[in-house]
>>> print(open('coords.txt').read())   # compact mmCIF, N, CA and C atoms and all ligand atoms
# COMPACT_ATOMS: atom_id res chain seq x y z
N THR R 1 11.68 12.19 27.50
CA THR R 1 10.39 12.84 27.57
C THR R 1 9.35 11.93 26.93
N ASN R 2 8.11 12.20 27.20
CA ASN R 2 7.03 11.39 26.65
C ASN R 2 6.23 12.22 25.67
N SER R 3 6.92 12.78 24.68
CA SER R 3 6.22 13.65 23.74
C SER R 3 5.70 12.90 22.52
N TRP R 4 6.01 11.60 22.42
CA TRP R 4 5.49 10.80 21.31
C TRP R 4 4.15 10.18 21.72
N HIS R 5 3.17 10.33 20.86
CA HIS R 5 1.83 9.84 21.14
C HIS R 5 1.40 8.87 20.06
N GLN R 6 0.97 7.69 20.48
CA GLN R 6 0.47 6.70 19.53
C GLN R 6 -0.90 7.15 19.04
N VAL R 7 -1.09 7.23 17.73
CA VAL R 7 -2.34 7.80 17.20
C VAL R 7 -3.15 6.82 16.35
N ALA R 8 -2.50 5.82 15.77
CA ALA R 8 -3.21 4.90 14.88
C ALA R 8 -2.29 3.74 14.55
N SER R 9 -2.89 2.68 14.02
CA SER R 9 -2.08 1.62 13.42
C SER R 9 -1.76 2.02 11.99
N ALA R 10 -0.57 1.66 11.55
CA ALA R 10 -0.18 2.01 10.18
C ALA R 10 -1.16 1.44 9.16
N ASP R 11 -1.71 0.27 9.43
CA ASP R 11 -2.60 -0.35 8.44
C ASP R 11 -4.01 0.24 8.45
N GLU R 12 -4.25 1.22 9.33
CA GLU R 12 -5.55 1.91 9.31
C GLU R 12 -5.60 2.96 8.21
N ILE R 13 -4.44 3.34 7.67
CA ILE R 13 -4.41 4.41 6.66
C ILE R 13 -3.88 3.83 5.36
N GLU R 14 -4.74 3.80 4.36
CA GLU R 14 -4.34 3.28 3.05
C GLU R 14 -3.35 4.26 2.42
N VAL R 15 -2.63 3.77 1.41
CA VAL R 15 -1.76 4.65 0.63
C VAL R 15 -2.64 5.71 -0.03
N GLU R 16 -2.15 6.96 0.00
CA GLU R 16 -2.90 8.10 -0.52
C GLU R 16 -4.21 8.30 0.24
N ASP R 17 -4.13 8.13 1.56
CA ASP R 17 -5.30 8.41 2.38
C ASP R 17 -4.89 9.26 3.57
N VAL R 18 -5.88 9.77 4.27
CA VAL R 18 -5.65 10.64 5.43
C VAL R 18 -6.78 10.41 6.42
N ILE R 19 -6.45 10.41 7.70
CA ILE R 19 -7.46 10.27 8.74
C ILE R 19 -7.30 11.41 9.75
N GLN R 20 -8.37 11.64 10.49
CA GLN R 20 -8.31 12.63 11.57
C GLN R 20 -8.02 11.92 12.87
N VAL R 21 -7.12 12.48 13.68
CA VAL R 21 -6.88 11.96 15.02
C VAL R 21 -6.87 13.13 16.00
N LYS R 22 -7.25 12.84 17.24
CA LYS R 22 -7.21 13.85 18.28
C LYS R 22 -6.16 13.44 19.30
N VAL R 23 -5.25 14.35 19.58
CA VAL R 23 -4.19 14.09 20.54
C VAL R 23 -4.06 15.30 21.45
N LEU R 24 -4.11 15.07 22.73
CA LEU R 24 -4.09 16.17 23.69
C LEU R 24 -5.17 17.17 23.27
N ASP R 25 -4.78 18.41 23.08
CA ASP R 25 -5.80 19.41 22.69
C ASP R 25 -5.79 19.67 21.20
N LYS R 26 -5.13 18.80 20.43
CA LYS R 26 -4.97 19.08 19.01
C LYS R 26 -5.79 18.12 18.15
N VAL R 27 -6.23 18.65 17.03
CA VAL R 27 -6.89 17.82 16.01
C VAL R 27 -5.93 17.77 14.82
N LEU R 28 -5.48 16.57 14.51
CA LEU R 28 -4.46 16.41 13.49
C LEU R 28 -4.97 15.59 12.32
N ALA R 29 -4.33 15.80 11.18
CA ALA R 29 -4.53 14.94 10.01
C ALA R 29 -3.27 14.07 9.91
N VAL R 30 -3.46 12.77 9.79
CA VAL R 30 -2.33 11.84 9.63
C VAL R 30 -2.46 11.18 8.26
N TYR R 31 -1.38 11.26 7.49
CA TYR R 31 -1.39 10.89 6.08
C TYR R 31 -0.52 9.68 5.80
N ASN R 32 -0.92 8.94 4.80
CA ASN R 32 -0.03 7.98 4.15
C ASN R 32 0.16 8.48 2.72
N ALA R 33 1.30 9.10 2.48
CA ALA R 33 1.57 9.70 1.17
C ALA R 33 2.83 9.07 0.61
N LYS R 34 2.71 8.45 -0.54
CA LYS R 34 3.85 7.79 -1.18
C LYS R 34 4.51 6.79 -0.23
N GLY R 35 3.71 6.16 0.62
CA GLY R 35 4.23 5.12 1.49
C GLY R 35 4.86 5.61 2.78
N ASN R 36 4.91 6.93 2.96
CA ASN R 36 5.43 7.48 4.21
C ASN R 36 4.29 8.14 4.98
N TYR R 37 4.47 8.21 6.29
CA TYR R 37 3.44 8.77 7.15
C TYR R 37 3.84 10.17 7.60
N TYR R 38 2.83 11.04 7.67
CA TYR R 38 3.05 12.44 8.04
C TYR R 38 1.87 12.90 8.90
N ALA R 39 2.11 13.99 9.64
CA ALA R 39 1.02 14.58 10.42
C ALA R 39 1.08 16.09 10.29
N THR R 40 -0.11 16.70 10.18
CA THR R 40 -0.24 18.15 10.20
C THR R 40 -1.44 18.51 11.05
N HIS R 41 -1.57 19.80 11.35
CA HIS R 41 -2.85 20.26 11.87
C HIS R 41 -3.94 19.87 10.86
N ASP R 42 -5.13 19.57 11.37
CA ASP R 42 -6.20 19.17 10.44
C ASP R 42 -6.91 20.37 9.84
N LEU R 43 -6.91 21.49 10.57
CA LEU R 43 -7.67 22.65 10.10
C LEU R 43 -6.88 23.39 9.02
N CYS R 44 -7.52 23.60 7.89
CA CYS R 44 -6.91 24.37 6.80
C CYS R 44 -6.58 25.77 7.30
N THR R 45 -5.48 26.36 6.79
CA THR R 45 -5.12 27.71 7.21
C THR R 45 -5.93 28.77 6.45
N HIS R 46 -6.73 28.35 5.52
CA HIS R 46 -7.51 29.32 4.73
C HIS R 46 -8.93 29.51 5.26
N GLY R 47 -9.56 28.45 5.69
CA GLY R 47 -10.94 28.55 6.15
C GLY R 47 -11.26 27.40 7.07
N HIS R 48 -12.53 27.24 7.34
CA HIS R 48 -12.92 26.23 8.32
C HIS R 48 -13.21 24.91 7.62
N ALA R 49 -12.13 24.21 7.28
CA ALA R 49 -12.28 22.91 6.63
C ALA R 49 -11.23 21.97 7.19
N CYS R 50 -11.61 20.71 7.29
CA CYS R 50 -10.68 19.69 7.76
C CYS R 50 -9.95 19.06 6.58
N LEU R 51 -8.63 19.14 6.64
CA LEU R 51 -7.86 18.54 5.55
C LEU R 51 -8.05 17.03 5.49
N SER R 52 -8.42 16.42 6.64
CA SER R 52 -8.67 14.98 6.63
C SER R 52 -9.90 14.62 5.80
N ASP R 53 -10.70 15.62 5.42
CA ASP R 53 -11.81 15.38 4.49
C ASP R 53 -11.38 15.62 3.04
N GLY R 54 -10.12 15.99 2.85
CA GLY R 54 -9.63 16.30 1.51
C GLY R 54 -9.07 15.08 0.80
N VAL R 55 -8.34 15.34 -0.25
CA VAL R 55 -7.84 14.28 -1.12
C VAL R 55 -6.31 14.34 -1.14
N VAL R 56 -5.67 13.20 -0.91
CA VAL R 56 -4.22 13.10 -1.02
C VAL R 56 -3.87 12.81 -2.48
N ILE R 57 -3.01 13.67 -3.03
CA ILE R 57 -2.57 13.50 -4.42
C ILE R 57 -1.04 13.49 -4.39
N GLY R 58 -0.46 12.32 -4.52
CA GLY R 58 1.00 12.21 -4.38
C GLY R 58 1.39 12.63 -2.98
N ASP R 59 2.23 13.68 -2.86
CA ASP R 59 2.59 14.17 -1.53
C ASP R 59 1.92 15.52 -1.25
N ARG R 60 0.79 15.74 -1.90
CA ARG R 60 0.01 16.96 -1.66
C ARG R 60 -1.34 16.59 -1.05
N ILE R 61 -1.87 17.51 -0.23
CA ILE R 61 -3.25 17.37 0.26
C ILE R 61 -4.05 18.50 -0.36
N GLU R 62 -5.21 18.15 -0.90
CA GLU R 62 -6.10 19.14 -1.48
C GLU R 62 -7.26 19.37 -0.53
N CYS R 63 -7.44 20.64 -0.12
CA CYS R 63 -8.51 20.99 0.81
C CYS R 63 -9.88 20.77 0.16
N PRO R 64 -10.83 20.22 0.93
CA PRO R 64 -12.14 19.93 0.34
C PRO R 64 -12.97 21.17 0.06
N LEU R 65 -12.61 22.32 0.68
CA LEU R 65 -13.52 23.47 0.58
C LEU R 65 -13.27 24.32 -0.66
N HIS R 66 -12.00 24.74 -0.87
CA HIS R 66 -11.71 25.57 -2.05
C HIS R 66 -10.58 24.97 -2.87
N GLN R 67 -10.25 23.73 -2.59
CA GLN R 67 -9.24 23.00 -3.38
C GLN R 67 -7.84 23.63 -3.32
N GLY R 68 -7.56 24.38 -2.24
CA GLY R 68 -6.18 24.80 -2.01
C GLY R 68 -5.33 23.57 -1.71
N ARG R 69 -4.02 23.66 -1.99
CA ARG R 69 -3.15 22.50 -1.77
C ARG R 69 -1.96 22.84 -0.88
N PHE R 70 -1.55 21.84 -0.10
CA PHE R 70 -0.35 21.93 0.71
C PHE R 70 0.57 20.76 0.37
N HIS R 71 1.88 21.02 0.46
CA HIS R 71 2.88 19.96 0.40
C HIS R 71 2.90 19.29 1.76
N ILE R 72 2.53 18.02 1.82
CA ILE R 72 2.33 17.37 3.11
C ILE R 72 3.61 17.31 3.96
N PRO R 73 4.76 16.90 3.41
CA PRO R 73 5.95 16.78 4.29
C PRO R 73 6.38 18.11 4.91
N SER R 74 6.25 19.21 4.18
CA SER R 74 6.73 20.50 4.71
C SER R 74 5.61 21.38 5.22
N GLY R 75 4.37 21.13 4.83
CA GLY R 75 3.26 21.98 5.19
C GLY R 75 3.17 23.26 4.38
N LYS R 76 4.04 23.39 3.38
CA LYS R 76 4.04 24.64 2.60
C LYS R 76 2.83 24.72 1.68
N PRO R 77 2.28 25.93 1.53
CA PRO R 77 1.17 26.09 0.60
C PRO R 77 1.64 25.81 -0.83
N ASP R 78 0.79 25.19 -1.59
CA ASP R 78 1.17 24.79 -2.95
C ASP R 78 -0.02 24.89 -3.89
N GLY R 79 -0.74 25.96 -3.79
CA GLY R 79 -1.86 26.12 -4.70
C GLY R 79 -2.90 27.05 -4.10
N ALA R 80 -3.29 28.07 -4.85
CA ALA R 80 -4.28 29.03 -4.37
C ALA R 80 -5.57 28.29 -4.00
N PRO R 81 -6.33 28.84 -3.03
CA PRO R 81 -6.12 30.12 -2.35
C PRO R 81 -5.31 30.03 -1.05
N VAL R 82 -4.66 28.93 -0.75
CA VAL R 82 -3.94 28.88 0.52
C VAL R 82 -2.60 29.59 0.38
N SER R 83 -2.20 30.35 1.42
CA SER R 83 -0.93 31.06 1.38
C SER R 83 -0.15 30.92 2.68
N VAL R 84 -0.79 30.40 3.72
CA VAL R 84 -0.13 30.25 5.02
C VAL R 84 0.19 28.77 5.22
N PRO R 85 1.45 28.45 5.59
CA PRO R 85 1.80 27.04 5.79
C PRO R 85 0.97 26.39 6.89
N ILE R 86 0.83 25.09 6.81
CA ILE R 86 0.15 24.35 7.85
C ILE R 86 1.21 23.74 8.75
N GLU R 87 0.95 23.72 10.05
CA GLU R 87 1.95 23.20 10.98
C GLU R 87 2.09 21.69 10.80
N THR R 88 3.33 21.22 10.81
CA THR R 88 3.60 19.79 10.67
C THR R 88 4.18 19.25 11.98
N PHE R 89 4.08 17.94 12.15
CA PHE R 89 4.56 17.27 13.36
C PHE R 89 5.37 16.05 12.96
N PRO R 90 6.46 15.78 13.70
CA PRO R 90 7.27 14.58 13.40
C PRO R 90 6.46 13.30 13.63
N VAL R 91 6.70 12.33 12.77
CA VAL R 91 6.00 11.05 12.84
C VAL R 91 7.03 9.93 12.81
N LYS R 92 6.77 8.87 13.57
CA LYS R 92 7.57 7.65 13.45
C LYS R 92 6.64 6.46 13.52
N VAL R 93 7.08 5.36 12.91
CA VAL R 93 6.30 4.12 12.94
C VAL R 93 7.15 3.07 13.64
N VAL R 94 6.61 2.50 14.71
CA VAL R 94 7.30 1.47 15.48
C VAL R 94 6.35 0.29 15.65
N ASP R 95 6.78 -0.89 15.23
CA ASP R 95 5.95 -2.09 15.36
C ASP R 95 4.54 -1.89 14.80
N GLY R 96 4.47 -1.21 13.66
CA GLY R 96 3.18 -1.04 12.99
C GLY R 96 2.28 0.01 13.60
N GLN R 97 2.80 0.75 14.58
CA GLN R 97 2.01 1.82 15.21
C GLN R 97 2.60 3.18 14.84
N ILE R 98 1.70 4.11 14.57
CA ILE R 98 2.12 5.46 14.20
C ILE R 98 2.16 6.34 15.45
N TYR R 99 3.28 7.02 15.61
CA TYR R 99 3.46 7.95 16.73
C TYR R 99 3.70 9.35 16.19
N VAL R 100 3.08 10.34 16.84
CA VAL R 100 3.27 11.73 16.49
C VAL R 100 3.92 12.44 17.67
N GLN R 101 4.92 13.28 17.34
CA GLN R 101 5.60 14.01 18.41
C GLN R 101 4.96 15.39 18.60
N ILE R 102 4.51 15.62 19.81
CA ILE R 102 3.93 16.91 20.17
C ILE R 102 4.70 17.43 21.36
N VAL R 103 5.36 18.57 21.16
CA VAL R 103 6.22 19.10 22.22
C VAL R 103 5.47 20.18 22.98
FE1 LIG O 201 -9.01 25.21 2.64
FE2 LIG O 201 -10.25 27.38 1.61
S1 LIG O 201 -10.63 26.37 3.47
S2 LIG O 201 -8.69 26.16 0.71
>>> encode(input="coords.txt", output="structure tokens", more="lines below")
Ligand code: FES
Amino acid sequence: TNSWHQVASADEIEVEDVIQVKVLDKVLAVYNAKGNYYATHDLCTHGHACLSDGVVIGDRIECPLHQGRFHIPSGKPDGAPVSVPIETFPVKVVDGQIYVQIV
């Protein structure tokens, strides 16, 4: 299947940084956290804020609007006021390119 989509070069995302990418009909946040790459939905589950505008702290993303936090690898909420997990997507890096799997 062709469910892997190239979204960025690995060197476009610094360590402890996050960028927004658009793939198909989705807006995703792609992270470099602790040297590994991850992808989640970009829209916070609490309000209308883009997590790609937030701050990566270790393997957590802090929302820019109310400072709620999510665990990036699992998408689990990890700090009020967020309580609903954020959807995550599988990521792989091949030849310096980041691919996200969207099924
Ligand atoms: Fe993200 Fe409120 S919108 S914590």
>>> residues_near_ligand(input="coords.txt", ligand="ligand LIG 201 (chain O)", cutoff="6 Å", atoms="all atoms listed in the file", output="list in words")
Cys44, Thr45, His46, Gly47, His48, Ala49, Cys63, Pro64, Leu65, His66, Gln67, Gly68, Arg69, Pro81 and Val82 of chain R
>>> atom_distance(input="coords.txt", atom1="atom C of Ser52 in chain R", atom2="CA of Ala29 in chain R")
6.8 Å
>>> closest_residue(input="coords.txt", among="R:Ile72, R:Val56, R:Glu87, R:Leu24", to="Asp42 in chain R", atoms="all atoms listed in the file")
R:Glu87
>>> residues_around(input="coords.txt", residues="range 2-16 of chain R", least_positions_apart="3", cutoff="5 Å", atoms="all atoms listed in the file", output="PyMOL selection string")
chain R and resi 32-33+56+96-102
>>> select_by_dssp(input="coords.txt", residues="chain R", states="strand (DSSP E)", output="ChimeraX atom specification")
/R:4-9,17-23,26-33,36-41,55-57,60-62,69-71,88-89,91-94,97-101
>>> atom_distance(input="coords.txt", atom1="atom N of Ser83 in chain R", atom2="atom N of Lys26 in chain R")
22.4 Å
>>> select_by_dssp(input="coords.txt", residues="chain R", states="helix (DSSP H, G or I)", output="ChimeraX atom specification")
/R:10-12,51-53
>>> axis_aligned_box(input="coords.txt", around="range 18-25 of chain R", padding_each_side="8 Å", output="lines of an AutoDock Vina configuration file")
center_x = -6.2
center_y = 14.7
center_z = 14.0
size_x = 20.3
size_y = 25.9
size_z = 35.4
>>> decode(input="coords.txt", residues="range 59-97 of chain R", atoms="N, CA and C atoms", output="short mmCIF file (atom, residue, chain, number, x, y, z; two decimals), in the first residue's frame")
data_model
loop_
_atom_site.label_atom_id
_atom_site.label_comp_id
_atom_site.auth_asym_id
_atom_site.auth_seq_id
_atom_site.Cartn_x
_atom_site.Cartn_y
_atom_site.Cartn_z
N ASP R 59 9.97 14.81 25.97
CA ASP R 59 9.06 14.12 25.06
C ASP R 59 7.62 14.58 25.27
N ARG R 60 7.47 15.80 25.76
CA ARG R 60 6.14 16.40 25.93
C ARG R 60 5.99 17.60 25.01
N ILE R 61 4.74 17.84 24.58
CA ILE R 61 4.43 19.08 23.85
C ILE R 61 3.51 19.90 24.75
N GLU R 62 3.85 21.17 24.88
CA GLU R 62 3.03 22.08 25.67
C GLU R 62 2.23 22.97 24.73
N CYS R 63 0.90 22.94 24.87
CA CYS R 63 0.02 23.73 24.02
C CYS R 63 0.23 25.22 24.27
N PRO R 64 0.24 26.01 23.19
CA PRO R 64 0.51 27.44 23.36
C PRO R 64 -0.64 28.21 24.00
N LEU R 65 -1.85 27.61 24.01
CA LEU R 65 -3.02 28.41 24.43
C LEU R 65 -3.24 28.38 25.94
N HIS R 66 -3.31 27.16 26.52
CA HIS R 66 -3.52 27.07 27.98
C HIS R 66 -2.46 26.21 28.64
N GLN R 67 -1.40 25.94 27.91
CA GLN R 67 -0.25 25.22 28.48
C GLN R 67 -0.58 23.79 28.92
N GLY R 68 -1.64 23.20 28.34
CA GLY R 68 -1.86 21.77 28.55
C GLY R 68 -0.72 20.99 27.90
N ARG R 69 -0.47 19.77 28.41
CA ARG R 69 0.65 18.99 27.87
C ARG R 69 0.19 17.60 27.43
N PHE R 70 0.85 17.12 26.38
CA PHE R 70 0.66 15.75 25.90
C PHE R 70 2.02 15.05 25.86
N HIS R 71 1.98 13.73 26.11
CA HIS R 71 3.14 12.87 25.89
C HIS R 71 3.20 12.60 24.39
N ILE R 72 4.25 13.06 23.73
CA ILE R 72 4.28 13.02 22.27
C ILE R 72 4.22 11.59 21.71
N PRO R 73 5.01 10.63 22.22
CA PRO R 73 4.98 9.30 21.59
C PRO R 73 3.62 8.61 21.69
N SER R 74 2.89 8.81 22.78
CA SER R 74 1.61 8.10 22.95
C SER R 74 0.41 9.00 22.68
N GLY R 75 0.58 10.30 22.70
CA GLY R 75 -0.54 11.22 22.56
C GLY R 75 -1.37 11.38 23.81
N LYS R 76 -0.93 10.76 24.90
CA LYS R 76 -1.75 10.82 26.13
C LYS R 76 -1.67 12.20 26.77
N PRO R 77 -2.79 12.66 27.34
CA PRO R 77 -2.76 13.93 28.04
C PRO R 77 -1.85 13.83 29.27
N ASP R 78 -1.14 14.89 29.54
CA ASP R 78 -0.18 14.86 30.63
C ASP R 78 -0.10 16.22 31.30
N GLY R 79 -1.23 16.80 31.55
CA GLY R 79 -1.21 18.08 32.25
C GLY R 79 -2.46 18.87 31.93
N ALA R 80 -3.16 19.33 32.96
CA ALA R 80 -4.38 20.09 32.79
C ALA R 80 -4.10 21.32 31.92
N PRO R 81 -5.11 21.78 31.16
CA PRO R 81 -6.50 21.31 31.15
C PRO R 81 -6.80 20.24 30.10
N VAL R 82 -5.81 19.64 29.46
CA VAL R 82 -6.15 18.66 28.43
C VAL R 82 -6.49 17.32 29.09
N SER R 83 -7.52 16.63 28.56
CA SER R 83 -7.91 15.34 29.13
C SER R 83 -8.17 14.30 28.04
N VAL R 84 -8.23 14.73 26.79
CA VAL R 84 -8.50 13.81 25.68
C VAL R 84 -7.20 13.58 24.93
N PRO R 85 -6.83 12.31 24.67
CA PRO R 85 -5.58 12.05 23.95
C PRO R 85 -5.59 12.66 22.55
N ILE R 86 -4.41 12.93 22.05
CA ILE R 86 -4.28 13.42 20.69
C ILE R 86 -3.90 12.23 19.80
N GLU R 87 -4.45 12.19 18.61
CA GLU R 87 -4.18 11.06 17.72
C GLU R 87 -2.72 11.10 17.26
N THR R 88 -2.09 9.94 17.26
CA THR R 88 -0.69 9.83 16.81
C THR R 88 -0.63 9.03 15.52
N PHE R 89 0.46 9.20 14.79
CA PHE R 89 0.66 8.52 13.51
C PHE R 89 2.07 7.93 13.49
N PRO R 90 2.21 6.73 12.90
CA PRO R 90 3.55 6.12 12.79
C PRO R 90 4.46 6.97 11.90
N VAL R 91 5.72 7.01 12.28
CA VAL R 91 6.73 7.79 11.56
C VAL R 91 7.93 6.91 11.28
N LYS R 92 8.52 7.08 10.11
CA LYS R 92 9.81 6.44 9.83
C LYS R 92 10.69 7.44 9.09
N VAL R 93 12.00 7.25 9.23
CA VAL R 93 12.96 8.10 8.54
C VAL R 93 13.78 7.21 7.61
N VAL R 94 13.77 7.55 6.33
CA VAL R 94 14.51 6.80 5.33
C VAL R 94 15.33 7.78 4.51
N ASP R 95 16.63 7.56 4.45
CA ASP R 95 17.52 8.45 3.68
C ASP R 95 17.31 9.92 4.02
N GLY R 96 17.14 10.19 5.31
CA GLY R 96 17.03 11.58 5.75
C GLY R 96 15.68 12.22 5.51
N GLN R 97 14.71 11.42 5.05
CA GLN R 97 13.36 11.95 4.82
C GLN R 97 12.39 11.34 5.83
#
